[in-house]
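Listing of entry06.pdb; format and content: PDB, C-alpha atoms and all ligand atoms.
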ATOM      1  CA  MET A 610      76.896  26.988 -28.067
ATOM      2  CA  LYS A 611      74.678  29.582 -29.778
ATOM      3  CA  LYS A 612      72.847  31.847 -27.318
ATOM      4  CA  GLN A 613      69.042  31.647 -27.208
ATOM      5  CA  ILE A 614      67.651  35.003 -28.375
ATOM      6  CA  SER A 615      63.875  35.437 -28.394
ATOM      7  CA  ILE A 616      61.844  38.486 -29.353
ATOM      8  CA  ILE A 617      58.604  39.136 -27.525
ATOM      9  CA  VAL A 618      56.320  41.837 -28.941
ATOM     10  CA  ALA A 619      52.697  42.869 -29.355
ATOM     11  CA  ILE A 620      51.992  44.149 -32.880
ATOM     12  CA  ALA A 621      48.962  45.721 -34.495
ATOM     13  CA  GLN A 622      47.760  44.598 -37.922
ATOM     14  CA  ASN A 623      49.691  47.534 -39.475
ATOM     15  CA  TYR A 624      52.834  46.621 -37.437
ATOM     16  CA  ALA A 625      52.280  49.538 -35.017
ATOM     17  CA  ILE A 626      53.808  48.954 -31.576
ATOM     18  CA  GLY A 627      53.921  52.303 -29.750
ATOM     19  CA  LYS A 628      53.167  56.007 -29.592
ATOM     20  CA  ASP A 629      54.571  58.796 -27.366
ATOM     21  CA  ASN A 630      56.812  56.210 -25.686
ATOM     22  CA  ASP A 631      53.826  54.198 -24.528
ATOM     23  CA  LEU A 632      51.950  51.087 -25.620
ATOM     24  CA  LEU A 633      48.867  51.379 -27.835
ATOM     25  CA  TRP A 634      46.511  49.152 -25.827
ATOM     26  CA  HIS A 635      46.048  47.552 -22.441
ATOM     27  CA  LEU A 636      45.538  43.800 -22.691
ATOM     28  CA  SER A 637      45.729  42.294 -19.209
ATOM     29  CA  GLY A 638      45.915  38.722 -20.585
ATOM     30  CA  ASP A 639      48.904  39.606 -22.735
ATOM     31  CA  LEU A 640      50.689  41.418 -19.878
ATOM     32  CA  LYS A 641      50.142  38.396 -17.617
ATOM     33  CA  ARG A 642      51.562  36.078 -20.269
ATOM     34  CA  PHE A 643      54.550  38.427 -20.774
ATOM     35  CA  LYS A 644      55.247  38.226 -17.037
ATOM     36  CA  GLU A 645      54.929  34.422 -17.008
ATOM     37  CA  LEU A 646      57.225  33.963 -20.010
ATOM     38  CA  THR A 647      59.948  36.401 -18.919
ATOM     39  CA  THR A 648      60.091  35.958 -15.126
ATOM     40  CA  GLY A 649      63.342  34.356 -14.034
ATOM     41  CA  HIS A 650      65.052  35.160 -17.343
ATOM     42  CA  THR A 651      67.168  37.908 -18.894
ATOM     43  CA  ILE A 652      65.231  40.722 -20.595
ATOM     44  CA  VAL A 653      66.862  43.214 -22.962
ATOM     45  CA  MET A 654      65.532  46.648 -23.871
ATOM     46  CA  GLY A 655      66.406  50.049 -25.293
ATOM     47  CA  LYS A 656      66.578  52.946 -22.885
ATOM     48  CA  ARG A 657      63.299  54.475 -24.092
ATOM     49  CA  THR A 658      61.439  51.250 -23.356
ATOM     50  CA  PHE A 659      63.102  51.067 -19.930
ATOM     51  CA  GLU A 660      61.896  54.627 -19.229
ATOM     52  CA  SER A 661      58.345  53.689 -20.308
ATOM     53  CA  LEU A 662      57.988  50.863 -17.778
ATOM     54  CA  PRO A 663      55.572  51.412 -14.886
ATOM     55  CA  VAL A 664      57.989  49.633 -12.498
ATOM     56  CA  ARG A 665      61.719  50.024 -13.156
ATOM     57  CA  PRO A 666      63.391  47.579 -13.399
ATOM     58  CA  LEU A 667      60.761  44.863 -13.834
ATOM     59  CA  PRO A 668      61.039  42.554 -10.796
ATOM     60  CA  ASN A 669      62.437  39.005 -10.789
ATOM     61  CA  ARG A 670      64.192  39.373 -14.106
ATOM     62  CA  ARG A 671      67.777  40.254 -15.074
ATOM     63  CA  SER A 672      67.456  43.512 -17.051
ATOM     64  CA  ILE A 673      69.935  44.594 -19.702
ATOM     65  CA  VAL A 674      69.410  48.204 -20.837
ATOM     66  CA  ILE A 675      71.058  49.413 -24.046
ATOM     67  CA  THR A 676      72.209  53.034 -24.300
ATOM     68  CA  ASP A 677      74.656  55.124 -26.319
ATOM     69  CA  VAL A 678      75.442  57.222 -23.249
ATOM     70  CA  ALA A 679      78.965  56.122 -22.333
ATOM     71  CA  ASP A 680      79.331  54.823 -18.792
ATOM     72  CA  GLU A 681      75.674  55.426 -17.874
ATOM     73  CA  GLN A 682      74.572  53.154 -14.996
ATOM     74  CA  ILE A 683      71.025  52.363 -13.846
ATOM     75  CA  ALA A 684      70.570  50.736 -10.441
ATOM     76  CA  GLY A 685      69.472  47.115 -10.674
ATOM     77  CA  CYS A 686      70.288  46.822 -14.403
ATOM     78  CA  VAL A 687      73.166  45.523 -16.474
ATOM     79  CA  MET A 688      74.129  48.193 -19.026
ATOM     80  CA  ALA A 689      75.110  47.495 -22.635
ATOM     81  CA  TYR A 690      76.528  50.109 -24.998
ATOM     82  CA  SER A 691      75.978  48.313 -28.308
ATOM     83  CA  ILE A 692      74.155  45.257 -29.707
ATOM     84  CA  ASP A 693      77.367  43.185 -29.568
ATOM     85  CA  ASP A 694      77.980  44.249 -25.984
ATOM     86  CA  ALA A 695      74.416  43.175 -25.079
ATOM     87  CA  ILE A 696      74.869  39.775 -26.766
ATOM     88  CA  ASN A 697      78.123  39.266 -24.827
ATOM     89  CA  LYS A 698      76.177  39.899 -21.616
ATOM     90  CA  PHE A 699      73.317  37.521 -22.490
ATOM     91  CA  ASP A 700      72.868  34.333 -20.510
ATOM     92  CA  ALA A 701      74.896  31.602 -22.190
ATOM     93  CA  ILE A 702      72.362  28.804 -21.681
ATOM     94  CA  ASP A 703      68.980  30.251 -20.723
ATOM     95  CA  GLU A 704      66.538  32.085 -23.030
ATOM     96  CA  ASN A 705      67.163  35.852 -23.433
ATOM     97  CA  PHE A 706      64.078  37.976 -24.249
ATOM     98  CA  ILE A 707      64.298  41.126 -26.378
ATOM     99  CA  ILE A 708      61.401  43.250 -25.068
ATOM    100  CA  GLY A 709      61.676  46.361 -27.284
ATOM    101  CA  GLY A 710      61.298  48.910 -28.465
ATOM    102  CA  GLY A 711      61.211  49.585 -32.186
ATOM    103  CA  SER A 712      64.894  50.387 -32.708
ATOM    104  CA  VAL A 713      66.056  47.446 -30.603
ATOM    105  CA  TYR A 714      63.680  44.951 -32.251
ATOM    106  CA  LYS A 715      64.979  46.038 -35.667
ATOM    107  CA  GLN A 716      68.619  45.547 -34.690
ATOM    108  CA  PHE A 717      68.002  42.149 -33.047
ATOM    109  CA  MET A 718      65.824  40.632 -35.805
ATOM    110  CA  PRO A 719      68.855  39.070 -37.599
ATOM    111  CA  TYR A 720      70.013  37.426 -34.335
ATOM    112  CA  ALA A 721      66.688  36.159 -32.967
ATOM    113  CA  ASN A 722      65.875  32.453 -33.170
ATOM    114  CA  LYS A 723      62.367  32.662 -31.702
ATOM    115  CA  LEU A 724      59.496  35.167 -32.009
ATOM    116  CA  TYR A 725      56.626  35.471 -29.556
ATOM    117  CA  LEU A 726      54.138  37.645 -31.439
ATOM    118  CA  THR A 727      50.923  38.913 -29.995
ATOM    119  CA  LEU A 728      48.987  40.081 -33.027
ATOM    120  CA  VAL A 729      46.258  42.627 -32.269
ATOM    121  CA  HIS A 730      43.651  42.407 -35.021
ATOM    122  CA  LYS A 731      43.286  46.133 -35.695
ATOM    123  CA  ASP A 732      45.281  49.022 -37.223
ATOM    124  CA  PHE A 733      46.580  51.715 -34.865
ATOM    125  CA  ASP A 734      47.902  55.241 -35.284
ATOM    126  CA  ALA A 735      51.514  55.110 -34.010
ATOM    127  CA  ASP A 736      55.007  56.598 -34.137
ATOM    128  CA  THR A 737      56.849  53.289 -33.626
ATOM    129  CA  PHE A 738      56.490  50.222 -35.834
ATOM    130  CA  TYR A 739      57.874  46.697 -35.888
ATOM    131  CA  PRO A 740      60.220  45.999 -38.847
ATOM    132  CA  GLU A 741      58.972  43.873 -41.722
ATOM    133  CA  ILE A 742      58.944  40.137 -40.948
ATOM    134  CA  ASN A 743      59.907  37.757 -43.743
ATOM    135  CA  PHE A 744      57.725  34.775 -42.811
ATOM    136  CA  GLU A 745      59.678  32.604 -45.272
ATOM    137  CA  GLU A 746      62.429  32.562 -42.617
ATOM    138  CA  TRP A 747      60.145  31.378 -39.801
ATOM    139  CA  HIS A 748      57.860  28.472 -39.105
ATOM    140  CA  ALA A 749      54.927  28.627 -36.690
ATOM    141  CA  VAL A 750      55.269  26.327 -33.695
ATOM    142  CA  GLU A 751      52.223  27.480 -31.744
ATOM    143  CA  LYS A 752      49.045  29.414 -32.485
ATOM    144  CA  GLN A 753      46.306  30.526 -30.128
ATOM    145  CA  GLU A 754      43.966  32.600 -32.231
ATOM    146  CA  ASN A 755      41.146  35.099 -31.786
ATOM    147  CA  ILE A 756      41.247  35.764 -28.064
ATOM    148  CA  TYR A 757      38.666  38.404 -27.146
ATOM    149  CA  ASP A 758      39.464  41.056 -24.508
ATOM    150  CA  ASP A 759      36.142  42.347 -23.249
ATOM    151  CA  LYS A 760      37.600  45.441 -21.517
ATOM    152  CA  SER A 761      39.096  46.893 -24.711
ATOM    153  CA  GLY A 762      36.891  45.107 -27.228
ATOM    154  CA  LEU A 763      40.061  43.972 -29.039
ATOM    155  CA  THR A 764      40.687  40.538 -30.516
ATOM    156  CA  TYR A 765      44.242  39.193 -30.588
ATOM    157  CA  SER A 766      46.270  36.037 -31.246
ATOM    158  CA  TYR A 767      49.392  34.499 -29.752
ATOM    159  CA  LEU A 768      51.751  33.245 -32.476
ATOM    160  CA  ILE A 769      55.097  31.612 -31.743
ATOM    161  CA  TYR A 770      57.669  31.180 -34.511
ATOM    162  CA  GLN A 771      61.028  29.434 -34.626
ATOM    163  CA  ARG A 772      63.667  30.408 -37.178
ATOM    164  CA  LYS A 773      63.876  27.769 -39.951
TER     165      LYS A 773
HETATM  166  N1  LIG A 801      54.158  46.674 -28.466
HETATM  167  C1  LIG A 801      55.202  46.200 -27.813
HETATM  168  O1  LIG A 801      55.304  44.974 -27.575
HETATM  169  C2  LIG A 801      56.265  47.123 -27.332
HETATM  170  C3  LIG A 801      57.320  46.627 -26.553
HETATM  171  C4  LIG A 801      58.306  47.516 -26.125
HETATM  172  C5  LIG A 801      58.235  48.865 -26.462
HETATM  173  N2  LIG A 801      57.190  49.300 -27.204
HETATM  174  C6  LIG A 801      57.089  50.714 -27.574
HETATM  175  O2  LIG A 801      58.201  51.077 -28.375
HETATM  176  C7  LIG A 801      58.436  52.489 -28.211
HETATM  177  C8  LIG A 801      59.901  52.710 -27.870
HETATM  178  O3  LIG A 801      60.717  52.273 -28.960
HETATM  179  P1  LIG A 801      61.916  53.187 -29.527
HETATM  180  O4  LIG A 801      62.392  52.599 -30.801
HETATM  181  O5  LIG A 801      61.468  54.610 -29.521
HETATM  182  O6  LIG A 801      63.009  53.106 -28.367
HETATM  183  P2  LIG A 801      63.845  51.874 -27.743
HETATM  184  O7  LIG A 801      64.276  50.949 -28.839
HETATM  185  O8  LIG A 801      63.130  51.315 -26.582
HETATM  186  O9  LIG A 801      65.097  52.651 -27.142
HETATM  187  C9  LIG A 801      65.907  53.438 -27.986
HETATM  188  C10 LIG A 801      67.160  53.813 -27.215
HETATM  189  O10 LIG A 801      67.921  52.630 -26.940
HETATM  190  C11 LIG A 801      69.311  52.917 -27.068
HETATM  191  N3  LIG A 801      69.851  52.143 -28.183
HETATM  192  C12 LIG A 801      69.181  51.515 -29.187
HETATM  193  N4  LIG A 801      70.033  50.859 -30.001
HETATM  194  C13 LIG A 801      71.288  51.078 -29.505
HETATM  195  C14 LIG A 801      72.602  50.668 -29.901
HETATM  196  N5  LIG A 801      72.809  49.883 -30.981
HETATM  197  N6  LIG A 801      73.659  51.091 -29.153
HETATM  198  C15 LIG A 801      73.476  51.852 -28.068
HETATM  199  N7  LIG A 801      72.247  52.274 -27.622
HETATM  200  C16 LIG A 801      71.179  51.896 -28.345
HETATM  201  C17 LIG A 801      69.418  54.419 -27.286
HETATM  202  O11 LIG A 801      69.418  54.975 -25.971
HETATM  203  P3  LIG A 801      70.137  56.385 -25.606
HETATM  204  O12 LIG A 801      69.249  57.427 -26.182
HETATM  205  O13 LIG A 801      70.196  56.373 -24.103
HETATM  206  O14 LIG A 801      71.488  56.335 -26.245
HETATM  207  C18 LIG A 801      68.100  54.713 -27.998
HETATM  208  O15 LIG A 801      67.713  56.072 -27.890
HETATM  209  C19 LIG A 801      57.489  52.943 -27.104
HETATM  210  O16 LIG A 801      56.323  53.524 -27.674
HETATM  211  C20 LIG A 801      57.144  51.663 -26.386
HETATM  212  O17 LIG A 801      55.899  51.713 -25.705
HETATM  213  C21 LIG A 801      56.222  48.464 -27.644
END

Would you write out, as structure tokens, the structure that this file holds?
Ligand SMILES: NC(=O)c1ccc[n+]([C@@H]2O[C@H](COP(=O)([O-])OP(=O)(O)OC[C@H]3O[C@@H](n4cnc5c(N)ncnc54)[C@H](OP(=O)(O)O)[C@@H]3O)[C@@H](O)[C@H]2O)c1
Amino acid sequence: MKKQISIIVAIAQNYAIGKDNDLLWHLSGDLKRFKELTTGHTIVMGKRTFESLPVRPLPNRRSIVITDVADEQIAGCVMAYSIDDAINKFDAIDENFIIGGGSVYKQFMPYANKLYLTLVHKDFDADTFYPEINFEEWHAVEKQENIYDDKSGLTYSYLIYQRK
């Protein structure tokens, strides 16, 4: 059976996702939803994203960290040394969430069957961007649009796509 590979990401209007190995905004609603969606599941990330997390590893999830450093081990994480190695270590039945960052999203786009996009309705200055999405390949299965975050003044939408 084909493994379930989902990408979860928050993207600005100009596809910006990060700067200086940090996020570009703080949206407590989005972080809460991220926790709800990923808890109890496998999450997969590049080593830079792992290093950017406030709590490492994120609790109550099985973390796979991808690195080129041969034999590197991180306590509490499953290590993967290539994309294929990570896919081999994915859960066979349950949903596996790709949680970033830019380089890892790009490499997993061809394999993902579901996209959880949080679209922040503003352009941001950034050093890391999400790769181009060909929306011809995806159909929207859920949309929750124009959520206002009063702390940041930002408006955002939750969009869920399934590969056609
Ligand atoms: N907006 C969002 O939803 C979101 C989510 C997550 C992250 N981000 C942001 O994204 C930025 C980080 O992204 P990034 O692209 O710089 O880094 P990244 O993708 O998180 O990590 C890159 C590292 O992962 C390892 N790696 C990647 N592909 C590999 C492969 N095929 N084989 C072996 N190792 C591989 C390498 O680690 P080694 O150097 O150890 O070899 C590489 O240096 C940060 O600003 C972060 O805040 C945003």

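Between CA of Asp629 (chain A) and CA of Ile616 (chain A) the separation is 21.7 Å.
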
10 Å contact set for Phe733 (chain A), all atoms listed in the file, chain neighbours under 5 positions out, as a ChimeraX atom specification: /A:620-628,633-634

To verify the selection step, state as a ChimeraX atom specification which residues the PyMOL selection byres (((chain A and resi 751) around 9) and not hetatm) yields on this input. /A:749-750,752-753,767-770

List as a PyMOL selection string the protein and nucleic acid residues near region 740-744 of chain A, meaning an atom at most 9 Å away when only C-alpha atoms are counted, but skip any in the same chain fewer than 4 places from it. chain A and resi 624+711-712+714-715+718+748

Find the nearest atom pair between each residue of region 709-768 of chain A and region 668-678 of chain A for residues within 12 Å, count only C-alpha atoms, give distances in Å to one decimal, sort rows by chain and ascending number, and present the table as CSV.
residue,atom,partner,partner_atom,distance
A:Gly709,CA,A:Val674,CA,10.2
A:Gly710,CA,A:Ile675,CA,10.7
A:Ser712,CA,A:Ile675,CA,10.7
A:Val713,CA,A:Ile675,CA,8.5
A:Tyr714,CA,A:Ile675,CA,11.9
A:Gln716,CA,A:Ile675,CA,11.6
A:Phe717,CA,A:Ile675,CA,12.0

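The residues returned by the PyMOL selection byres (((chain A and resi 725) around 6) and not hetatm) on the shown structure are Ile617, Leu724, Leu726 and Ile769 of chain A.
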
Could you tell me, as a list in words, exactly which residues end up selected when the PyMOL selection byres (((chain A and resi 683) around 12) and not hetatm) is applied to this structure? Lys656, Phe659, Glu660, Arg665, Pro666, Ser672, Ile673, Val674, Ile675, Thr676, Val678, Asp680, Glu681, Gln682, Ala684, Gly685, Cys686, Val687, Met688 and Ala689 of chain A

Which protein, DNA or RNA residues have an atom at most 8 Å from (62.2, 39.2, -22.7), counting all atoms listed in the file? List them as a list in words. Ser615, Ile616, Ile617, Phe643, Leu646, Thr647, His650, Thr651, Ile652, Val653, Asn705, Phe706, Ile707 and Ile708 of chain A

Across A:Ile614, A:Leu662, A:Leu632, A:Leu667, the smallest distance to ligand LIG 801 (chain A), with all atoms listed in the file counted, is shown by A:Leu632

Report, as JSON, the centre and edge lengths in Å (one decimal) of the axis-aligned box enclosing every listed atom of ligand LIG 801 (chain A), padded by 6 Å on each side.
{"center_x": 63.9, "center_y": 51.2, "center_z": -27.5, "size_x": 31.5, "size_y": 24.5, "size_z": 18.9}

Selection: 12 Å around Asp759 (chain A), only C-alpha atoms, excl. self and same-chain fewer than 5 positions, as a PyMOL selection string: chain A and resi 635-638+764-765

Next, write the just-selected residues to a file, as an mmCIF file, in the frame of the given file, keeping C-alpha atoms as the atom set.
data_model
loop_
_atom_site.group_PDB
_atom_site.id
_atom_site.type_symbol
_atom_site.label_atom_id
_atom_site.label_comp_id
_atom_site.auth_asym_id
_atom_site.auth_seq_id
_atom_site.Cartn_x
_atom_site.Cartn_y
_atom_site.Cartn_z
ATOM 1 C CA HIS A 635 46.048 47.552 -22.441
ATOM 2 C CA LEU A 636 45.538 43.800 -22.691
ATOM 3 C CA SER A 637 45.729 42.294 -19.209
ATOM 4 C CA GLY A 638 45.915 38.722 -20.585
ATOM 5 C CA THR A 764 40.687 40.538 -30.516
ATOM 6 C CA TYR A 765 44.242 39.193 -30.588
#

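Residue nearest ligand LIG 801 (chain A) within the list A:Asn697, A:Ser761, A:Gln613, A:Asn630: A:Asn630 [criterion: smallest interatomic distance, all atoms listed in the file].
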